[in-house]
Every structure is written in C-alpha cells, then in structure tokens.
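Structure data follow from query39.cif (mmCIF, C-alpha atoms):
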data_query
loop_
_atom_site.label_atom_id
_atom_site.label_comp_id
_atom_site.auth_asym_id
_atom_site.auth_seq_id
_atom_site.Cartn_x
_atom_site.Cartn_y
_atom_site.Cartn_z
CA MET A 9 28.35 -9.21 -10.73
CA SER A 10 30.00 -11.82 -8.49
CA THR A 11 31.66 -9.00 -6.55
CA GLN A 12 28.32 -7.34 -5.96
CA THR A 13 28.24 -8.25 -2.29
CA ARG A 14 31.62 -6.60 -1.82
CA VAL A 15 30.11 -3.30 -2.97
CA LEU A 16 28.18 -3.15 0.30
CA PRO A 17 29.42 -0.28 2.38
CA GLN A 18 31.01 -1.09 5.69
CA SER A 19 28.00 -0.07 7.76
CA LYS A 20 25.55 -2.33 5.93
CA GLU A 21 28.00 -5.23 6.01
CA THR A 22 28.55 -4.90 9.76
CA LEU A 23 24.83 -4.43 10.30
CA LEU A 24 23.99 -7.69 8.58
CA GLN A 25 26.77 -9.48 10.43
CA SER A 26 25.38 -8.15 13.69
CA TYR A 27 21.93 -9.51 12.73
CA ASN A 28 23.46 -12.92 12.17
CA LYS A 29 25.27 -12.79 15.48
CA ARG A 30 22.14 -11.75 17.34
CA LEU A 31 20.19 -14.57 15.76
CA LYS A 32 22.79 -17.19 16.70
CA ASP A 33 23.18 -15.86 20.24
CA ASP A 34 19.47 -15.74 20.95
CA ILE A 35 18.75 -19.20 19.59
CA ARG A 36 21.71 -20.60 21.51
CA SER A 37 20.54 -18.87 24.69
CA ILE A 38 17.01 -20.27 24.39
CA LEU A 39 18.20 -23.81 23.78
CA ASP A 40 20.89 -23.81 26.49
CA ASN A 41 18.69 -22.31 29.16
CA PHE A 42 15.87 -24.68 28.33
CA THR A 43 18.05 -27.77 28.54
CA GLU A 44 19.54 -26.54 31.81
CA ILE A 45 16.08 -26.09 33.30
CA ILE A 46 15.15 -29.64 32.33
CA LYS A 47 18.41 -30.93 33.82
CA THR A 48 17.87 -29.02 37.05
CA ALA A 49 14.38 -30.46 37.33
CA LYS A 50 15.87 -33.85 37.98
CA VAL A 51 15.65 -34.75 41.66
CA GLU A 52 19.05 -35.72 43.07
CA ASP A 53 19.27 -38.20 45.89
CA GLU A 54 22.60 -37.00 47.20
CA THR A 55 23.03 -33.30 47.75
CA GLN A 56 26.02 -31.34 48.98
CA VAL A 57 23.89 -29.02 51.08
CA SER A 58 20.61 -29.74 52.76
CA ARG A 59 17.57 -30.44 50.65
CA ALA A 60 15.91 -27.16 51.46
CA THR A 61 18.97 -25.13 50.44
CA GLN A 62 19.39 -27.16 47.29
CA GLY A 63 15.72 -26.70 46.51
CA GLU A 64 15.98 -22.97 47.08
CA GLN A 65 19.05 -22.75 44.88
CA ASP A 66 17.39 -24.75 42.11
CA HIS A 67 14.31 -22.57 42.34
CA TYR A 68 16.39 -19.42 41.95
CA GLU A 69 18.40 -20.90 39.09
CA MET A 70 15.28 -21.95 37.20
CA HIS A 71 13.81 -18.51 37.73
CA VAL A 72 16.89 -16.86 36.25
CA ARG A 73 17.05 -19.26 33.33
CA ALA A 74 13.38 -18.78 32.55
CA ALA A 75 13.96 -15.01 32.58
CA ASN A 76 16.86 -15.56 30.18
CA ILE A 77 14.64 -17.52 27.81
CA VAL A 78 12.06 -14.74 27.84
CA ARG A 79 14.75 -12.11 27.28
CA ALA A 80 16.13 -14.07 24.33
CA GLY A 81 12.61 -14.37 22.90
CA GLU A 82 12.12 -10.61 23.21
CA SER A 83 15.48 -10.00 21.57
CA LEU A 84 14.44 -12.24 18.67
CA MET A 85 11.25 -10.23 18.25
CA LYS A 86 13.32 -7.06 18.12
CA LEU A 87 15.54 -8.69 15.52
CA VAL A 88 12.51 -9.58 13.40
CA SER A 89 11.28 -6.01 13.65
CA ASP A 90 14.70 -4.68 12.58
CA LEU A 91 14.77 -7.09 9.66
CA LYS A 92 11.32 -5.93 8.55
CA GLN A 93 12.50 -2.33 8.68
CA PHE A 94 15.65 -3.17 6.75
CA LEU A 95 13.61 -5.04 4.14
CA ILE A 96 11.20 -2.17 3.62
CA LEU A 97 14.03 0.32 3.20
CA ASN A 98 16.57 -1.71 1.29
CA ASP A 99 14.91 -4.55 -0.58
CA PHE A 100 14.88 -2.81 -3.94
CA PRO A 101 13.16 -5.48 -6.02
CA SER A 102 10.06 -5.54 -3.83
CA VAL A 103 10.08 -1.76 -3.31
CA ASN A 104 10.21 -1.24 -7.08
CA GLU A 105 7.42 -3.72 -7.58
CA ALA A 106 5.27 -2.04 -4.94
CA ILE A 107 5.88 1.40 -6.48
CA SER A 108 5.06 0.29 -10.02
CA LEU A 109 1.91 -1.51 -8.86
CA ARG A 110 0.69 1.58 -7.03
CA ASN A 111 1.52 3.82 -10.01
CA GLN A 112 -0.43 1.50 -12.27
CA GLN A 113 -3.47 1.57 -9.97
CA LEU A 114 -3.42 5.35 -9.72
CA ARG A 115 -3.03 5.80 -13.48
CA THR A 116 -5.90 3.41 -14.18
CA LEU A 117 -8.12 5.35 -11.81
CA GLN A 118 -7.12 8.64 -13.38
CA GLU A 119 -7.74 7.41 -16.92
CA GLU A 120 -11.14 6.03 -16.00
CA CYS A 121 -12.07 9.31 -14.35
CA ASP A 122 -10.99 11.34 -17.37
CA LYS A 123 -12.73 8.97 -19.78
CA LYS A 124 -16.01 9.38 -17.91
CA LEU A 125 -15.61 13.15 -17.80
CA THR A 126 -14.91 13.24 -21.53
CA SER A 127 -18.01 11.19 -22.37
CA LEU A 128 -20.05 13.41 -20.04
CA ARG A 129 -18.69 16.46 -21.83
CA ASP A 130 -19.62 15.01 -25.21
CA GLU A 131 -23.18 14.28 -24.11
CA ILE A 132 -23.65 17.73 -22.63
CA ALA A 133 -22.21 19.34 -25.77
CA ILE A 134 -24.79 17.60 -27.92
CA ASP A 135 -27.62 18.74 -25.66
CA LEU A 136 -26.20 22.25 -25.43
CA TYR A 137 -26.05 22.50 -29.19
CA GLU A 138 -29.73 21.66 -29.51
CA LEU A 139 -30.71 23.98 -26.69
CA GLU A 140 -28.80 26.88 -28.16
CA GLU A 141 -30.28 26.30 -31.56
CA GLU A 142 -33.73 26.39 -30.04
CA TYR A 143 -32.99 29.44 -27.91
CA TYR A 144 -31.38 31.64 -30.52
CA SER A 145 -33.96 30.90 -33.15
CA SER A 146 -36.81 31.82 -30.83
CA SER A 147 -38.12 35.30 -30.15
CA TYR A 148 -36.87 35.34 -26.55
CA SER A 149 -33.19 35.58 -27.38
CA GLN A 150 -31.30 38.86 -26.99
CA TRP A 151 -28.05 38.11 -28.64
CA ASP A 152 -25.63 40.56 -30.10
CA SER A 153 -23.55 39.76 -33.12
CA ALA A 154 -20.30 39.77 -31.11
CA ASP A 155 -21.48 36.98 -28.82
CA LEU A 156 -21.30 33.79 -30.89
CA SER A 157 -23.58 30.89 -30.12
CA LEU A 158 -22.34 27.36 -30.66
CA CYS A 159 -24.15 26.82 -33.92
CA GLU A 160 -23.11 30.19 -35.27
CA ALA A 161 -19.49 29.34 -34.44
CA PHE A 162 -19.85 26.13 -36.44
CA HIS A 163 -21.21 27.99 -39.40
CA ARG A 164 -18.30 30.43 -39.23
CA ARG A 165 -15.85 27.55 -39.05
CA ASP A 166 -17.48 25.80 -41.96
CA SER A 167 -17.29 28.99 -43.97
CA TRP A 168 -13.57 29.37 -43.21
CA ALA A 169 -13.10 25.82 -44.42
CA SER A 170 -15.00 26.54 -47.68
CA PRO A 171 -14.94 30.24 -48.50
CA GLY A 172 -17.66 29.93 -51.14
CA SER A 173 -20.45 29.13 -48.65
CA SER A 174 -22.62 31.71 -46.96
CA VAL A 175 -21.42 33.50 -43.84
CA GLY A 176 -23.22 35.18 -40.97
CA LYS A 177 -26.68 33.68 -41.48
CA ALA A 178 -28.83 33.09 -38.41
CA CYS A 179 -28.96 29.50 -37.16
CA GLY A 180 -32.66 29.07 -37.69
CA THR A 181 -32.40 29.38 -41.44
CA GLU A 182 -29.70 26.70 -41.71
CA ASP A 183 -31.49 23.64 -40.34
CA SER A 184 -30.07 21.30 -42.95
CA SER A 185 -26.49 21.80 -41.77
CA GLY A 186 -27.52 21.07 -38.18
CA PRO A 187 -26.86 17.30 -38.08
CA ILE A 188 -23.50 17.59 -39.87
CA SER A 189 -22.26 20.26 -37.47
CA GLN A 190 -23.44 18.17 -34.58
CA GLU A 191 -20.90 15.48 -35.37
CA SER A 192 -18.12 18.02 -35.36
CA ALA A 193 -19.37 19.41 -32.04
CA PRO A 194 -16.90 17.54 -29.83
CA GLY A 195 -13.96 18.64 -31.97
CA HIS A 196 -14.74 22.33 -31.72
CA LEU A 197 -15.57 22.08 -28.07
CA ASN A 198 -11.90 21.90 -27.23
CA GLY A 199 -11.65 25.56 -28.04
CA HIS A 200 -14.85 26.18 -26.12
CA SER A 201 -13.87 24.37 -22.97
CA SER A 202 -10.42 25.91 -22.92
CA ASN A 203 -12.12 29.29 -22.96
CA ALA A 204 -14.24 28.17 -20.05
CA ALA A 205 -11.12 26.97 -18.22
CA ASP A 206 -9.44 30.32 -18.75
CA HIS A 207 -12.14 32.03 -16.71
CA HIS A 208 -11.06 30.04 -13.68
CA MET B 3 0.69 -7.28 -2.38
CA ALA B 4 4.36 -7.21 -3.10
CA ASN B 5 5.43 -8.64 0.13
CA ASP B 6 5.74 -12.31 0.86
CA ARG B 7 8.92 -11.64 2.81
CA LEU B 8 7.16 -9.37 5.28
CA ARG B 9 4.42 -11.96 5.66
CA ALA B 10 7.05 -14.64 6.28
CA LEU B 11 8.55 -12.45 9.01
CA GLU B 12 5.11 -12.10 10.61
CA ASP B 13 4.87 -15.90 10.69
CA VAL B 14 8.31 -16.01 12.30
CA GLU B 15 7.03 -13.75 15.06
CA LYS B 16 4.16 -16.17 15.69
CA GLU B 17 6.64 -19.04 15.75
CA ILE B 18 8.70 -17.28 18.43
CA ALA B 19 5.56 -16.99 20.55
CA VAL B 20 4.97 -20.73 19.99
CA ILE B 21 8.52 -21.45 21.18
CA LEU B 22 7.99 -19.62 24.45
CA GLN B 23 4.54 -21.15 24.90
CA CYS B 24 5.84 -24.70 24.42
CA ALA B 25 8.80 -24.14 26.76
CA GLY B 26 6.40 -22.89 29.42
CA ASN B 27 4.05 -25.84 28.95
CA VAL B 28 6.90 -28.32 29.28
CA VAL B 29 8.08 -26.81 32.54
CA LEU B 30 4.50 -26.63 33.80
CA GLU B 31 3.94 -30.25 32.97
CA LEU B 32 7.17 -31.30 34.71
CA SER B 33 6.12 -29.45 37.84
CA LYS B 34 3.05 -31.66 38.24
CA GLU B 35 2.94 -34.76 40.45
CA LYS B 36 2.30 -37.04 37.49
CA PRO B 37 3.50 -35.50 34.28
CA ASN B 38 1.75 -36.62 31.11
CA GLY B 39 4.47 -38.25 28.96
CA SER B 40 2.78 -37.91 25.60
CA LEU B 41 1.97 -34.26 26.19
CA LEU B 42 5.58 -33.65 27.15
CA ASP B 43 6.80 -35.32 23.97
CA ARG B 44 4.40 -33.38 21.79
CA GLN B 45 5.30 -30.04 23.34
CA LEU B 46 8.99 -30.81 23.15
CA SER B 47 8.86 -31.79 19.49
CA GLN B 48 6.83 -28.67 18.76
CA PHE B 49 9.44 -26.62 20.59
CA THR B 50 12.38 -28.02 18.66
CA SER B 51 10.66 -27.80 15.30
CA ALA B 52 9.65 -24.19 15.97
CA VAL B 53 13.20 -23.27 16.98
CA ASN B 54 14.58 -24.88 13.82
CA ARG B 55 12.02 -23.15 11.62
CA VAL B 56 12.74 -19.75 13.16
CA GLU B 57 16.47 -20.16 12.76
CA SER B 58 16.31 -21.33 9.15
CA GLU B 59 13.79 -18.67 8.09
CA LEU B 60 15.69 -15.79 9.71
CA SER B 61 19.06 -16.87 8.37
CA SER B 62 17.61 -17.20 4.85
CA GLN B 63 16.14 -13.69 5.13
CA ILE B 64 19.52 -12.33 6.26
CA ARG B 65 21.24 -14.16 3.39
CA TYR B 66 18.79 -12.66 0.91
CA LEU B 67 19.43 -9.20 2.34
CA THR B 68 23.20 -9.54 2.02
CA GLN B 69 22.68 -10.33 -1.67
CA VAL B 70 20.15 -7.62 -2.37
CA ALA B 71 21.02 -4.62 -0.20
CA THR B 72 23.12 -1.74 -1.44
CA GLY B 73 24.13 1.30 0.52
CA GLN B 74 22.04 3.64 -1.60
CA PRO B 75 18.71 5.00 -0.47
CA HIS B 76 15.78 4.23 -2.72
CA GLU B 77 14.64 7.28 -4.62
CA GLY B 78 11.45 6.06 -6.26
CA SER B 79 8.11 7.49 -5.36
CA THR B 80 4.49 7.35 -6.42
CA TYR B 81 4.06 11.09 -5.99
CA SER B 82 3.55 12.03 -9.64
CA ALA B 83 0.88 9.40 -10.26
CA ARG B 84 -0.85 10.34 -7.04
CA LYS B 85 -0.86 14.02 -7.98
CA ASP B 86 -2.32 13.28 -11.41
CA CYS B 87 -4.99 11.08 -9.88
CA GLN B 88 -5.82 13.72 -7.31
CA MET B 89 -6.17 16.34 -10.07
CA ALA B 90 -8.49 14.01 -12.00
CA LEU B 91 -10.64 13.51 -8.91
CA ASN B 92 -10.70 17.28 -8.39
CA ARG B 93 -11.86 17.73 -11.98
CA ALA B 94 -14.64 15.23 -11.45
CA GLU B 95 -15.67 16.90 -8.20
CA TYR B 96 -15.71 20.32 -9.89
CA ALA B 97 -17.83 19.00 -12.74
CA ARG B 98 -20.22 17.51 -10.20
CA VAL B 99 -20.51 20.81 -8.32
CA LYS B 100 -21.14 22.76 -11.52
CA LEU B 101 -23.77 20.31 -12.70
CA GLY B 102 -25.41 20.53 -9.30
CA GLU B 103 -25.60 24.29 -9.62
CA LEU B 104 -26.98 23.99 -13.12
CA GLY B 105 -29.60 21.57 -11.93
CA ARG B 106 -30.63 23.83 -9.08
CA THR B 107 -30.86 26.81 -11.44
CA CYS B 108 -33.11 24.83 -13.76
CA GLU B 109 -35.33 23.75 -10.88
CA VAL B 110 -35.62 27.31 -9.64
CA LEU B 111 -36.62 28.47 -13.11
CA LEU B 112 -39.09 25.66 -13.63
CA ASP B 113 -40.77 25.91 -10.23
CA PRO B 114 -42.76 29.14 -10.70
CA GLN B 115 -44.39 27.65 -13.76
CA THR B 116 -45.78 24.54 -11.97
#

Write-out of the structure in structure tokens:
Amino acid sequence: MSTQTRVLPQSKETLLQSYNKRLKDDIRSILDNFTEIIKTAKVEDETQVSRATQGEQDHYEMHVRAANIVRAGESLMKLVSDLKQFLILNDFPSVNEAISLRNQQLRTLQEECDKKLTSLRDEIAIDLYELEEEYYSSSYSQWDSADLSLCEAFHRRDSWASPGSSVGKACGTEDSSGPISQESAPGHLNGHSSNAADHH
Amino acid sequence: MANDRLRALEDVEKEIAVILQCAGNVVLELSKEKPNGSLLDRQLSQFTSAVNRVESELSSQIRYLTQVATGQPHEGSTYSARKDCQMALNRAEYARVKLGELGRTCEVLLDPQT
C-alpha cells in the first residue's frame, strides 16, 4: 500500500506535478509583482533621467505589474477549476459516496411508491370483491359459466384445497364463506393482476 | 452532499478575489495625497493572510489528489436505481390514469339517474 502513489500512470503524475508548479508560479508572481509595485511607489529624490521620464517609466512599469497580478489571479482561478474537474472525475471515495447516496434515495422513493400502490391494490380488491358479490347475485348480471367472478374463483380454489366441499355453487348461496375468502383476497389477486398485466 | 472538497475550492476562488481586491485597495490608498495608515495595514494583512490561505488549501488539495487518484476511470453509475424508480413512478401514473377513467365512467353512469 505504501507504493500506491507509484501506481499512478505517467500522465496523472505529470498532471499533478504541473498543478503544483502552476500554483507555485502564480503565487510567486502575485507576491513579487505586488512588492515591486510598492517599491516603485516610493518617490526618489535623485533620478537618472528627468522626473517626467522617470514618472512615465514608473507608470508603465506599474501598469505592467498590475496586469501581471491580474493574469496570475486568472491563472489561479483556472487552476482551481481544473482541480475541481479532476476531483469530480478521480476522487473515488467521494464519487462512490455520492453514487451510493443517490442510489439509496432512489430506492427509498421506489419502495415507498410500490408500497402505496400495493396498499391501494389491496383496498380496491376488497371493494371489488363486495361489488362483484352484489352484482352477480342480483338479477341484472349476465354471466356465463366460463367467465369466473372473483368470489366464484375463491370458491373453486377452496374446493381444490379441500376436495370434499361443494363446487360450482353460485356466490349468493355461500354468504357464510364470504368473510373468510375476503382475507385471502390479496393472495389470489396476484394471479388476477398478472392476468390484467398480460393484456397490456 | 458528499462534497466538502468542492465547497473548499469554491471558498478558495472567493479568497483569490479577495487577494486581488486587497492589492487594488492598497495601491489605490497609496495613490492618495494622504494615505490612511491603518487602512493600509489592514488591507495588507488581509492580502498576506489570503495568499497564505490560498496556497495552503490548494497544496493540500493537490496532496490529497496524489494520494487518491488512480489512472482508471470510474465505472459506477446510478442508472439501475434510476430506471427502477422511473418504472415505479410510471406504474403509479398508470394506476392514477386508470382510476381516473374508472371514476369518470362511474360518474357518467350515475349522472342520468340524478
């Protein structure tokens, strides 16, 4: 593990070294130019050329040095931007953490959504069972024996479970088994809803 | 979220702006007839401290990167979780649409009777 830094490929190694160099150069440039400006601001009594020329020269020099400071500042900003980019792409611990956090959020949302849909399905199944019972036992229904209603399907299932019980009776005559079948409604619905899904 | 380092780099950017601002204020102050000594001192100390902070923060970030970076690209993604979540939201939307239709059908059937 101590040799881990040596595993860096040449390009990454040189890239990081170049970042260091840029940092040192820019900081050095800012500091040097700033101190030179301050030094030049000092008013000399004795000048080699006339005052006006010296003043003009100092003005120009300060202008250039100020431009250098600004350039070095810009270069530092670029360095910071490059470092940010490098971090986002190559800082594996934080990238992994960000990915796992996002995955966790998305999975929580999905589970909540599915839980609500499942409870909705259960409620509707209970209501549907009652409605079908009402409908098929009334005189309005026009059902054929091939088309099973929910309660009839339960009775069939119960009869497969215990072969001795009666089979094929109409729902309306079997009111006593209603509440018991109702509890098993969600279990059987899986078959029902998968049939519904097949239509799509 | 995950990223204190990125936030630290944002602060470094602000510090660089402070450096330039202070340098400019110092020169501006010197150009006046009677420069304010205390202001000069304050700006100068702010300048030097900002420069030191920027240098130390950036070199520590670069040091961290030399320890942590490999040459390999990162191959993780959140795509599967996002797809599952999107499917769940589609299921919910579909259920909502179907229930809406059911509701409208019931209303249509009930209306003639009222």

Nearest-residue call for chain A, choices B:Gln23, B:Thr107, B:Thr72, B:Ser51, using only C-alpha atoms: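 Under the stated criterion, the closest residue is B:Thr72.
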
Straight-line distance linking atom CA of Tyr96 of chain B with atom CA of Asp113 of chain B, stated in Å to one decimal: 25.7 Å

Output check: residues returned by the PyMOL selection byres ((chain B) within 9 of (chain A)), as JSON, numbers by chain: {"B": [3, 4, 5, 7, 8, 11, 12, 14, 15, 18, 19, 21, 22, 25, 26, 28, 29, 32, 33, 50, 53, 56, 57, 60, 61, 63, 64, 65, 67, 68, 69, 70, 71, 72, 73, 74, 75, 76, 78, 79, 80, 81, 82, 83, 84, 86, 87, 88, 89, 90, 91, 93, 94, 97]}

One-decimal distance in Å that lies between atom CA of Thr48 of chain A and atom CA of Arg73 of chain A: 10.5 Å

d(atom CA of Gly105 of chain B, atom CA of Leu136 of chain A) in Å: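 One can read the atom CA of Gly105 of chain B to atom CA of Leu136 of chain A distance as 13.9 Å.
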
Per-axis box centre and lengths in Å around segment 61-66 of chain A, 6 Å margin per side, axis-aligned, as JSON:
{"center_x": 17.6, "center_y": -25.0, "center_z": 46.3, "size_x": 15.7, "size_y": 16.4, "size_z": 20.3}

Restore N, CA, C and O atoms in segment 41-58 of chain B and list the result as a PDB file, in the coordinates of the input.
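Output file part-v2.pdb follows:
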ATOM      1  N   LEU B  41       2.053 -35.724  26.337  1.00  0.00           N
ATOM      2  CA  LEU B  41       1.970 -34.260  26.190  1.00  0.00           C
ATOM      3  C   LEU B  41       3.347 -33.642  26.182  1.00  0.00           C
ATOM      4  O   LEU B  41       3.653 -32.746  25.379  1.00  0.00           O
ATOM      5  N   LEU B  42       4.198 -34.150  27.093  1.00  0.00           N
ATOM      6  CA  LEU B  42       5.580 -33.650  27.150  1.00  0.00           C
ATOM      7  C   LEU B  42       6.277 -33.845  25.804  1.00  0.00           C
ATOM      8  O   LEU B  42       6.937 -32.932  25.294  1.00  0.00           O
ATOM      9  N   ASP B  43       6.122 -35.050  25.244  1.00  0.00           N
ATOM     10  CA  ASP B  43       6.800 -35.320  23.970  1.00  0.00           C
ATOM     11  C   ASP B  43       6.302 -34.400  22.871  1.00  0.00           C
ATOM     12  O   ASP B  43       7.085 -33.855  22.088  1.00  0.00           O
ATOM     13  N   ARG B  44       4.977 -34.232  22.845  1.00  0.00           N
ATOM     14  CA  ARG B  44       4.400 -33.380  21.790  1.00  0.00           C
ATOM     15  C   ARG B  44       4.923 -31.960  21.898  1.00  0.00           C
ATOM     16  O   ARG B  44       5.369 -31.364  20.927  1.00  0.00           O
ATOM     17  N   GLN B  45       4.861 -31.424  23.148  1.00  0.00           N
ATOM     18  CA  GLN B  45       5.300 -30.040  23.340  1.00  0.00           C
ATOM     19  C   GLN B  45       6.770 -29.898  23.000  1.00  0.00           C
ATOM     20  O   GLN B  45       7.200 -28.904  22.394  1.00  0.00           O
ATOM     21  N   LEU B  46       7.556 -30.900  23.393  1.00  0.00           N
ATOM     22  CA  LEU B  46       8.990 -30.810  23.150  1.00  0.00           C
ATOM     23  C   LEU B  46       9.297 -30.841  21.657  1.00  0.00           C
ATOM     24  O   LEU B  46      10.138 -30.074  21.171  1.00  0.00           O
ATOM     25  N   SER B  47       8.601 -31.729  20.934  1.00  0.00           N
ATOM     26  CA  SER B  47       8.860 -31.790  19.490  1.00  0.00           C
ATOM     27  C   SER B  47       8.408 -30.505  18.820  1.00  0.00           C
ATOM     28  O   SER B  47       9.063 -29.997  17.899  1.00  0.00           O
ATOM     29  N   GLN B  48       7.276 -29.952  19.315  1.00  0.00           N
ATOM     30  CA  GLN B  48       6.830 -28.670  18.760  1.00  0.00           C
ATOM     31  C   GLN B  48       7.855 -27.581  19.019  1.00  0.00           C
ATOM     32  O   GLN B  48       8.140 -26.745  18.144  1.00  0.00           O
ATOM     33  N   PHE B  49       8.418 -27.601  20.222  1.00  0.00           N
ATOM     34  CA  PHE B  49       9.440 -26.620  20.590  1.00  0.00           C
ATOM     35  C   PHE B  49      10.629 -26.688  19.654  1.00  0.00           C
ATOM     36  O   PHE B  49      11.055 -25.683  19.078  1.00  0.00           O
ATOM     37  N   THR B  50      11.177 -27.892  19.484  1.00  0.00           N
ATOM     38  CA  THR B  50      12.380 -28.020  18.660  1.00  0.00           C
ATOM     39  C   THR B  50      12.096 -27.678  17.208  1.00  0.00           C
ATOM     40  O   THR B  50      12.904 -27.011  16.545  1.00  0.00           O
ATOM     41  N   SER B  51      10.947 -28.117  16.705  1.00  0.00           N
ATOM     42  CA  SER B  51      10.660 -27.800  15.300  1.00  0.00           C
ATOM     43  C   SER B  51      10.480 -26.301  15.116  1.00  0.00           C
ATOM     44  O   SER B  51      10.939 -25.732  14.109  1.00  0.00           O
ATOM     45  N   ALA B  52       9.829 -25.638  16.091  1.00  0.00           N
ATOM     46  CA  ALA B  52       9.650 -24.190  15.970  1.00  0.00           C
ATOM     47  C   ALA B  52      10.988 -23.475  16.005  1.00  0.00           C
ATOM     48  O   ALA B  52      11.224 -22.533  15.215  1.00  0.00           O
ATOM     49  N   VAL B  53      11.879 -23.910  16.911  1.00  0.00           N
ATOM     50  CA  VAL B  53      13.200 -23.270  16.980  1.00  0.00           C
ATOM     51  C   VAL B  53      13.941 -23.432  15.662  1.00  0.00           C
ATOM     52  O   VAL B  53      14.529 -22.479  15.129  1.00  0.00           O
ATOM     53  N   ASN B  54      13.885 -24.653  15.091  1.00  0.00           N
ATOM     54  CA  ASN B  54      14.580 -24.880  13.820  1.00  0.00           C
ATOM     55  C   ASN B  54      13.998 -24.015  12.700  1.00  0.00           C
ATOM     56  O   ASN B  54      14.728 -23.419  11.895  1.00  0.00           O
ATOM     57  N   ARG B  55      12.656 -23.939  12.684  1.00  0.00           N
ATOM     58  CA  ARG B  55      12.020 -23.150  11.620  1.00  0.00           C
ATOM     59  C   ARG B  55      12.416 -21.694  11.732  1.00  0.00           C
ATOM     60  O   ARG B  55      12.760 -21.048  10.726  1.00  0.00           O
ATOM     61  N   VAL B  56      12.390 -21.163  12.980  1.00  0.00           N
ATOM     62  CA  VAL B  56      12.740 -19.750  13.160  1.00  0.00           C
ATOM     63  C   VAL B  56      14.154 -19.491  12.697  1.00  0.00           C
ATOM     64  O   VAL B  56      14.439 -18.542  11.956  1.00  0.00           O
ATOM     65  N   GLU B  57      15.064 -20.383  13.114  1.00  0.00           N
ATOM     66  CA  GLU B  57      16.470 -20.160  12.760  1.00  0.00           C
ATOM     67  C   GLU B  57      16.670 -20.203  11.257  1.00  0.00           C
ATOM     68  O   GLU B  57      17.322 -19.319  10.682  1.00  0.00           O
ATOM     69  N   SER B  58      16.077 -21.213  10.597  1.00  0.00           N
ATOM     70  CA  SER B  58      16.310 -21.330   9.150  1.00  0.00           C
ATOM     71  C   SER B  58      15.697 -20.159   8.405  1.00  0.00           C
ATOM     72  O   SER B  58      16.304 -19.584   7.485  1.00  0.00           O
TER      73      SER B  58
END
